[in-house]
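Trainee: The structure is given below, and queries will be raised subsequently.
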Amino acid sequence: MKWGYVFIAAIFEIGWVLGLKYAHTLVDWSATIVCIIVSFTLLMKATSVLPVGSLYAVFTGLGTAGTVLLGMVLGEPVHFGKLLLILMLLCGVLGLKLTTGETKGEAES
């Protein structure tokens, strides 16, 4: 479940990063702030049982890939090279997640 927190936190990271670019109204900025709070709250919760280095790499990797892909959906230029690099990034993130052993706290959760 702790890796689930990281995945959900990354989704909210995508929300706040795009919110920084596209927010124009008070409601937009409020949603961006909520995304920041939720993202980092879930991230802090996950750090209690997961190795911080791997956790942060997975979090930022998923957030980066999601932000770039959603940016393309919203009209940013799509390039084959960019898609290939995102695929490589996601392979690295998956590799880190699969090779990160459980800590004592995670095994007991």
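In the structure tokens, chains take letters A, B, ... by order of appearance, with residues numbered from 1 within each chain and ligands from 1 in the order shown.
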Looking only at the backbone, which of the residues in chain A does DSSP tag as alpha helix (DSSP H), as a PyMOL selection string?
Mentor: chain A and resi 2-22+26-47+52-73+80-99+104-108
Trainee: Write out as a list of chain:residue names the residues lying within 12 Å of stretch 73-83 of chain A, counting only C-alpha atoms and excluding same-chain residues fewer than 6 positions away.
Mentor: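 Once the nearby chain positions are removed, what remains is A:Leu18, A:Lys21, A:Tyr22, A:Thr64, A:Ala65, A:Gly66, A:Thr67, A:Leu89, A:Leu90.
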Trainee: Could you save those same residues with N, CA, C and O atoms as a PDB file, in the first residue's frame?
Mentor:
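Final output, saved to again.pdb:
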```pdb
ATOM      1  N   LEU A  18       1.042  21.104 -13.505  1.00  0.00           N
ATOM      2  CA  LEU A  18       0.261  21.699 -14.582  1.00  0.00           C
ATOM      3  C   LEU A  18      -0.555  22.884 -14.076  1.00  0.00           C
ATOM      4  O   LEU A  18      -0.781  23.843 -14.813  1.00  0.00           O
ATOM      5  N   LYS A  21       1.163  26.142 -14.385  1.00  0.00           N
ATOM      6  CA  LYS A  21       1.179  26.717 -15.731  1.00  0.00           C
ATOM      7  C   LYS A  21      -0.192  27.246 -16.148  1.00  0.00           C
ATOM      8  O   LYS A  21      -0.289  28.306 -16.764  1.00  0.00           O
ATOM      9  N   TYR A  22      -1.236  26.500 -15.825  1.00  0.00           N
ATOM     10  CA  TYR A  22      -2.551  26.812 -16.373  1.00  0.00           C
ATOM     11  C   TYR A  22      -3.508  27.527 -15.408  1.00  0.00           C
ATOM     12  O   TYR A  22      -4.592  27.914 -15.810  1.00  0.00           O
ATOM     13  N   THR A  64       7.253  13.327 -13.575  1.00  0.00           N
ATOM     14  CA  THR A  64       7.834  13.912 -14.780  1.00  0.00           C
ATOM     15  C   THR A  64       7.211  13.306 -16.031  1.00  0.00           C
ATOM     16  O   THR A  64       6.785  14.030 -16.944  1.00  0.00           O
ATOM     17  N   ALA A  65       7.157  11.985 -16.083  1.00  0.00           N
ATOM     18  CA  ALA A  65       6.586  11.311 -17.253  1.00  0.00           C
ATOM     19  C   ALA A  65       5.121  11.710 -17.436  1.00  0.00           C
ATOM     20  O   ALA A  65       4.685  12.023 -18.549  1.00  0.00           O
ATOM     21  N   GLY A  66       4.365  11.711 -16.359  1.00  0.00           N
ATOM     22  CA  GLY A  66       2.959  12.083 -16.448  1.00  0.00           C
ATOM     23  C   GLY A  66       2.759  13.518 -16.885  1.00  0.00           C
ATOM     24  O   GLY A  66       1.872  13.822 -17.690  1.00  0.00           O
ATOM     25  N   THR A  67       3.588  14.408 -16.370  1.00  0.00           N
ATOM     26  CA  THR A  67       3.479  15.825 -16.730  1.00  0.00           C
ATOM     27  C   THR A  67       3.790  16.029 -18.208  1.00  0.00           C
ATOM     28  O   THR A  67       3.072  16.751 -18.912  1.00  0.00           O
ATOM     29  N   LEU A  89      12.665   6.462 -19.109  1.00  0.00           N
ATOM     30  CA  LEU A  89      12.491   6.940 -17.741  1.00  0.00           C
ATOM     31  C   LEU A  89      11.578   6.001 -16.963  1.00  0.00           C
ATOM     32  O   LEU A  89      11.884   5.607 -15.834  1.00  0.00           O
ATOM     33  N   LEU A  90      10.468   5.621 -17.562  1.00  0.00           N
ATOM     34  CA  LEU A  90       9.532   4.720 -16.888  1.00  0.00           C
ATOM     35  C   LEU A  90      10.138   3.341 -16.647  1.00  0.00           C
ATOM     36  O   LEU A  90       9.866   2.717 -15.615  1.00  0.00           O
TER      37      LEU A  90
END
```
Trainee: Measuring between only C-alpha atoms, which one of A:Leu20, A:Ile86, A:Leu55, A:Leu26 shows the shortest distance to A:Leu42?
Mentor: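 For A:Leu42, the nearest of the given residues is A:Leu55.
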Trainee: Quick one: everything within 7 Å of A:Ile11, counting only C-alpha atoms, minus sequence neighbours fewer than 4 positions away in the same chain. Send it as a list in words.
Mentor: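 Surrounding residues, per the criterion: Phe7, Gly15 and Gly63 of chain A.
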Trainee: Just the residues within 10 Å of A:Lys97, please, counting only C-alpha atoms, with nothing from its chain fewer than 5 positions along; format it as a VMD selection string.
Mentor: chain A and resid 3 54 to 55 57 to 58 91 to 92
